[in-house]
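Novice: I'd like to ask you about the structure that follows.
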Amino acid sequence: MKQRIAIVGFGTVGQGIAEILLNKTAYLNEKYGYDYQVVAIADFAYGNAFNPDGLDLPLMLEEAKAKRKFSKDVTAMDTLTLIRECNADVMCELTYTDLSTGGPAIDHVKAALDSRKSVVTSNKGPAALKYREFAELAESNGVKFLIEGTVCAGTPVINLSEGPLAGCEISKIRGILNGTTNYMLSEMEKGMSYDDVLKVAQEKGYAEADPTGDVEGYDARGKVTILANIVMGVKMDINEVSCKGITKITPADIEEAKSKNSRWKLIGCVEKRDGKVVGSVAPEMVSLSHPLAGVMGATNALTFTTDMLGDVTIVGPGAGRMETGFSILTDLLHIFRTGK
Ligand code: HSE
C-alpha cells in the first residue's frame, strides 16, 4: 500500500525530501517495497494544495524553486483544516523552528496527531518544548511522533541511542551540535569575516530562518534539551540549559587559539552529575590533538559515554537540504516498515 504524505512547510527541508522521494522512487520500491503519494502540501509562501490521489510533485517543486505560487490542485482549506481533513497517513512538519513558543508547528503537530496521523519532523520547536506531550498523544492514538532530524540532521543520533545503544546506560553526550557555527568557525580560521561566512551558511541552507538561533547557541540548546528528554529520559526545560554562542569570538580569539595549538568549537553537553542531569552550550578552545578538533565545516560529532562500551562517537552531516531531507526519509521508511 502507498504511504500517503502531507508536507507542511515547503522550504529548504520540504523541497529536500520531495527531491529525495522523486529521485529514489525506484530504488526505495525495489529495496523495501516502499511506495508513496504526496497528497497535501502547505506553505505560507506558495499556498496550500490537496489531491487525495496524489499531487503533481515535480511541478510543485519546480514552482517552489522558482518562488512561484502553486498552480494546480490549490485548495481553499487553511493549513490546520488541511492537516485534519486530508487523507495522509503521515504529516511531515517542516516549517521554521521557533524555540520560544514552538510557533505554528505546535498546532500543526497537534492537529495531525489528534486526527490520527503520524508526524515526522526536523523542527526542533515541538521536539524541544513538547516532546513528552506529543509522544504520549501519538501513543494513545496509535500513531508515531518521530524526530530523528531534529538533532544532527540525517546523522542517526536518536535512532542510535534508541536502537543499537539500547541497554547501555548513557551518562554523558557531548559534542558539536550546530552545523552553521562549526562551518563559520572553520571558515573564520581561514580568514573569512564573520558576516561573510554567515551569509554563505545561509545560502548553503545550514542556518535557521533566523540565524540568531545558530550563532547565539539557541539551536544547540534546543538539541541538548531534546537529548536530555529522549536519551537521558529526564524532564528538562530548555531554560535549564546554560547557553553561550559564538557572537563574541573575535579574529584575535581565533589567533590566540591557533597560537595554543587549539581551535574554537561550540560544544553542547548533557551529563549526569551528582544524581542530576545538567545541560550546557558554550564555545570551548579544543586542543588540536582532541578528536573534535578535526570535525570541520557543517559536520556534527557526538560522543556518548556509556557503561557498557565506554565512549561511542558518531560523526556526520549536521545541516543542509539533502542531509536533513534524508532524516525525514529515515522516519517515513521506519513508519512504512513497522506499520503505524
Ligand atoms: N541550523 C541548524 C544547524 C540546522 O546549523 O545545525 C540543523 O539543525
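How things are named: the first chain in the C-alpha cells is A, the next is B, and so on; residues count from 1 in each chain; ligands count from 1 in the order shown.
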Which residues of stretch 5-98 of chain A sit at most 10 Å from stretch 125-149 of chain A, using only C-alpha atoms? Give each one's shortest atom pair and distance in Å (one decimal place), in chain and ascending residue order, as a tab-separated table.

Specialist:
```
residue	atom	partner	partner_atom	distance
A:Asp89	CA	A:Val143	CA	9.1
A:Val90	CA	A:Lys144	CA	8.7
A:Met91	CA	A:Phe145	CA	9.8
A:Cys92	CA	A:Leu146	CA	9.6
A:Glu93	CA	A:Pro126	CA	9.5
A:Thr95	CA	A:Gly125	CA	9.8
A:Tyr96	CA	A:Gly125	CA	8.6
A:Thr97	CA	A:Gly125	CA	5.4
A:Asp98	CA	A:Gly125	CA	5.3
```

Novice: To test your reading of the structure, identify every residue in stretch 45-232 of chain A that backbone DSSP assigns to strand (DSSP E), and report it as number ranges by chain.

Specialist: A: 47-50, 90-93, 118-121, 145-146, 170-176

Novice: For the selection just defined, write its residues with N, CA, C and O atoms to a file, as a PDB file, in the first residue's frame.

Specialist:
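For reference, part_5.pdb as written:
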```
ATOM      1  N   GLY A  47       1.330  28.571  -1.032  1.00  0.00           N
ATOM      2  CA  GLY A  47      -0.087  28.216  -0.978  1.00  0.00           C
ATOM      3  C   GLY A  47      -0.308  26.798  -0.492  1.00  0.00           C
ATOM      4  O   GLY A  47       0.640  26.081  -0.145  1.00  0.00           O
ATOM      5  N   ASN A  48      -1.579  26.397  -0.446  1.00  0.00           N
ATOM      6  CA  ASN A  48      -1.953  25.058   0.019  1.00  0.00           C
ATOM      7  C   ASN A  48      -2.553  24.271  -1.143  1.00  0.00           C
ATOM      8  O   ASN A  48      -3.360  24.807  -1.906  1.00  0.00           O
ATOM      9  N   ALA A  49      -2.152  23.012  -1.269  1.00  0.00           N
ATOM     10  CA  ALA A  49      -2.657  22.181  -2.365  1.00  0.00           C
ATOM     11  C   ALA A  49      -3.028  20.816  -1.830  1.00  0.00           C
ATOM     12  O   ALA A  49      -2.396  20.305  -0.899  1.00  0.00           O
ATOM     13  N   PHE A  50      -4.054  20.235  -2.425  1.00  0.00           N
ATOM     14  CA  PHE A  50      -4.537  18.923  -1.963  1.00  0.00           C
ATOM     15  C   PHE A  50      -5.092  18.135  -3.140  1.00  0.00           C
ATOM     16  O   PHE A  50      -5.857  18.655  -3.947  1.00  0.00           O
ATOM     17  N   VAL A  90       0.774  10.234   7.132  1.00  0.00           N
ATOM     18  CA  VAL A  90       1.879  10.875   7.844  1.00  0.00           C
ATOM     19  C   VAL A  90       1.954  12.343   7.461  1.00  0.00           C
ATOM     20  O   VAL A  90       1.863  12.677   6.274  1.00  0.00           O
ATOM     21  N   MET A  91       2.168  13.202   8.458  1.00  0.00           N
ATOM     22  CA  MET A  91       2.384  14.623   8.180  1.00  0.00           C
ATOM     23  C   MET A  91       3.849  14.945   8.484  1.00  0.00           C
ATOM     24  O   MET A  91       4.340  14.642   9.573  1.00  0.00           O
ATOM     25  N   CYS A  92       4.534  15.532   7.509  1.00  0.00           N
ATOM     26  CA  CYS A  92       5.918  15.968   7.742  1.00  0.00           C
ATOM     27  C   CYS A  92       5.872  17.441   8.118  1.00  0.00           C
ATOM     28  O   CYS A  92       5.488  18.276   7.286  1.00  0.00           O
ATOM     29  N   GLU A  93       6.239  17.783   9.345  1.00  0.00           N
ATOM     30  CA  GLU A  93       6.206  19.169   9.800  1.00  0.00           C
ATOM     31  C   GLU A  93       7.579  19.779   9.550  1.00  0.00           C
ATOM     32  O   GLU A  93       8.543  19.474  10.253  1.00  0.00           O
ATOM     33  N   SER A 118       0.464  10.017  11.780  1.00  0.00           N
ATOM     34  CA  SER A 118       1.808  10.058  12.355  1.00  0.00           C
ATOM     35  C   SER A 118       2.462  11.380  11.971  1.00  0.00           C
ATOM     36  O   SER A 118       2.091  11.996  10.976  1.00  0.00           O
ATOM     37  N   VAL A 119       3.448  11.781  12.769  1.00  0.00           N
ATOM     38  CA  VAL A 119       4.182  13.011  12.484  1.00  0.00           C
ATOM     39  C   VAL A 119       5.671  12.704  12.410  1.00  0.00           C
ATOM     40  O   VAL A 119       6.217  11.985  13.258  1.00  0.00           O
ATOM     41  N   VAL A 120       6.300  13.261  11.381  1.00  0.00           N
ATOM     42  CA  VAL A 120       7.744  13.164  11.211  1.00  0.00           C
ATOM     43  C   VAL A 120       8.228  14.600  11.137  1.00  0.00           C
ATOM     44  O   VAL A 120       7.659  15.395  10.397  1.00  0.00           O
ATOM     45  N   THR A 121       9.239  14.944  11.910  1.00  0.00           N
ATOM     46  CA  THR A 121       9.666  16.349  11.867  1.00  0.00           C
ATOM     47  C   THR A 121      11.157  16.529  12.134  1.00  0.00           C
ATOM     48  O   THR A 121      11.773  15.741  12.864  1.00  0.00           O
ATOM     49  N   PHE A 145       5.345   9.706  16.590  1.00  0.00           N
ATOM     50  CA  PHE A 145       5.890  11.067  16.577  1.00  0.00           C
ATOM     51  C   PHE A 145       7.407  10.896  16.488  1.00  0.00           C
ATOM     52  O   PHE A 145       8.059  10.580  17.477  1.00  0.00           O
ATOM     53  N   LEU A 146       7.965  11.051  15.280  1.00  0.00           N
ATOM     54  CA  LEU A 146       9.384  10.728  15.063  1.00  0.00           C
ATOM     55  C   LEU A 146      10.178  11.992  14.721  1.00  0.00           C
ATOM     56  O   LEU A 146       9.754  12.798  13.888  1.00  0.00           O
ATOM     57  N   ILE A 170      23.598   5.641  29.456  1.00  0.00           N
ATOM     58  CA  ILE A 170      24.373   6.752  28.890  1.00  0.00           C
ATOM     59  C   ILE A 170      24.509   7.838  29.952  1.00  0.00           C
ATOM     60  O   ILE A 170      23.506   8.342  30.461  1.00  0.00           O
ATOM     61  N   SER A 171      25.756   8.159  30.320  1.00  0.00           N
ATOM     62  CA  SER A 171      25.942   9.142  31.396  1.00  0.00           C
ATOM     63  C   SER A 171      26.292  10.526  30.853  1.00  0.00           C
ATOM     64  O   SER A 171      26.189  11.522  31.568  1.00  0.00           O
ATOM     65  N   LYS A 172      26.724  10.589  29.590  1.00  0.00           N
ATOM     66  CA  LYS A 172      27.102  11.896  29.035  1.00  0.00           C
ATOM     67  C   LYS A 172      27.000  11.863  27.512  1.00  0.00           C
ATOM     68  O   LYS A 172      27.329  10.848  26.886  1.00  0.00           O
ATOM     69  N   ILE A 173      26.523  12.969  26.951  1.00  0.00           N
ATOM     70  CA  ILE A 173      26.551  13.136  25.492  1.00  0.00           C
ATOM     71  C   ILE A 173      27.171  14.505  25.251  1.00  0.00           C
ATOM     72  O   ILE A 173      26.683  15.513  25.774  1.00  0.00           O
ATOM     73  N   ARG A 174      28.236  14.545  24.463  1.00  0.00           N
ATOM     74  CA  ARG A 174      28.970  15.802  24.324  1.00  0.00           C
ATOM     75  C   ARG A 174      29.476  15.934  22.899  1.00  0.00           C
ATOM     76  O   ARG A 174      29.947  14.950  22.319  1.00  0.00           O
ATOM     77  N   GLY A 175      29.370  17.130  22.347  1.00  0.00           N
ATOM     78  CA  GLY A 175      29.949  17.309  21.025  1.00  0.00           C
ATOM     79  C   GLY A 175      29.491  18.554  20.310  1.00  0.00           C
ATOM     80  O   GLY A 175      29.034  19.512  20.927  1.00  0.00           O
ATOM     81  N   ILE A 176      29.614  18.482  18.982  1.00  0.00           N
ATOM     82  CA  ILE A 176      29.301  19.624  18.120  1.00  0.00           C
ATOM     83  C   ILE A 176      27.907  19.388  17.552  1.00  0.00           C
ATOM     84  O   ILE A 176      27.680  18.418  16.823  1.00  0.00           O
TER      85      ILE A 176
END
```

Novice: Where does DSSP see alpha helix (DSSP H) in stretch 182-262 of chain A, if you list the residues as a ChimeraX atom specification?

Specialist: /A:182-189,194-203,212-215,218-230,251-259

Novice: Could you give me the residues within 10 Å of ligand 1, counting only C-alpha atoms and all ligand atoms, as JSON, numbers by chain?

Specialist: {"A": [13, 97, 122, 123, 124, 149, 150, 151, 152, 153, 154, 176, 177, 178, 179, 180, 181, 182, 183, 184, 201, 202, 205, 206, 207, 208, 209, 210, 211, 212, 213, 214, 215, 217, 218, 219, 220, 222, 223, 298, 299, 300, 317, 318, 319, 320, 321, 323, 324]}

Novice: Residues at most 9 Å from stretch 253-268 of chain A, counting only C-alpha atoms, excluding those fewer than 3 positions away in the same chain, as number ranges by chain?

Specialist: A: 173-178, 181-182, 185-186, 188-189, 217, 220-221, 223-224, 243-246, 249-250, 279-290, 292-293, 302

Novice: Which distance in Å separates atom CA of A:Ala64 and atom CA of A:Val8, to one decimal?

Specialist: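 Computing the Euclidean distance for atom CA of A:Ala64 and atom CA of A:Val8 yields 13.3 Å.
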
Novice: Would you compute the distance between atom CA of A:Asn87 and atom CA of A:Lys67? Give it in Å to one decimal.

Specialist: 26.8 Å

Novice: Closest to A:Gly325 among A:Ile106, A:Ala6, A:Leu94, A:Leu160, using only C-alpha atoms?

Specialist: A:Leu94

Novice: Could you please determine the separation between atom CA of A:Arg273 and atom CA of A:Met308 in Å, to one decimal place?

Specialist: 18.4 Å
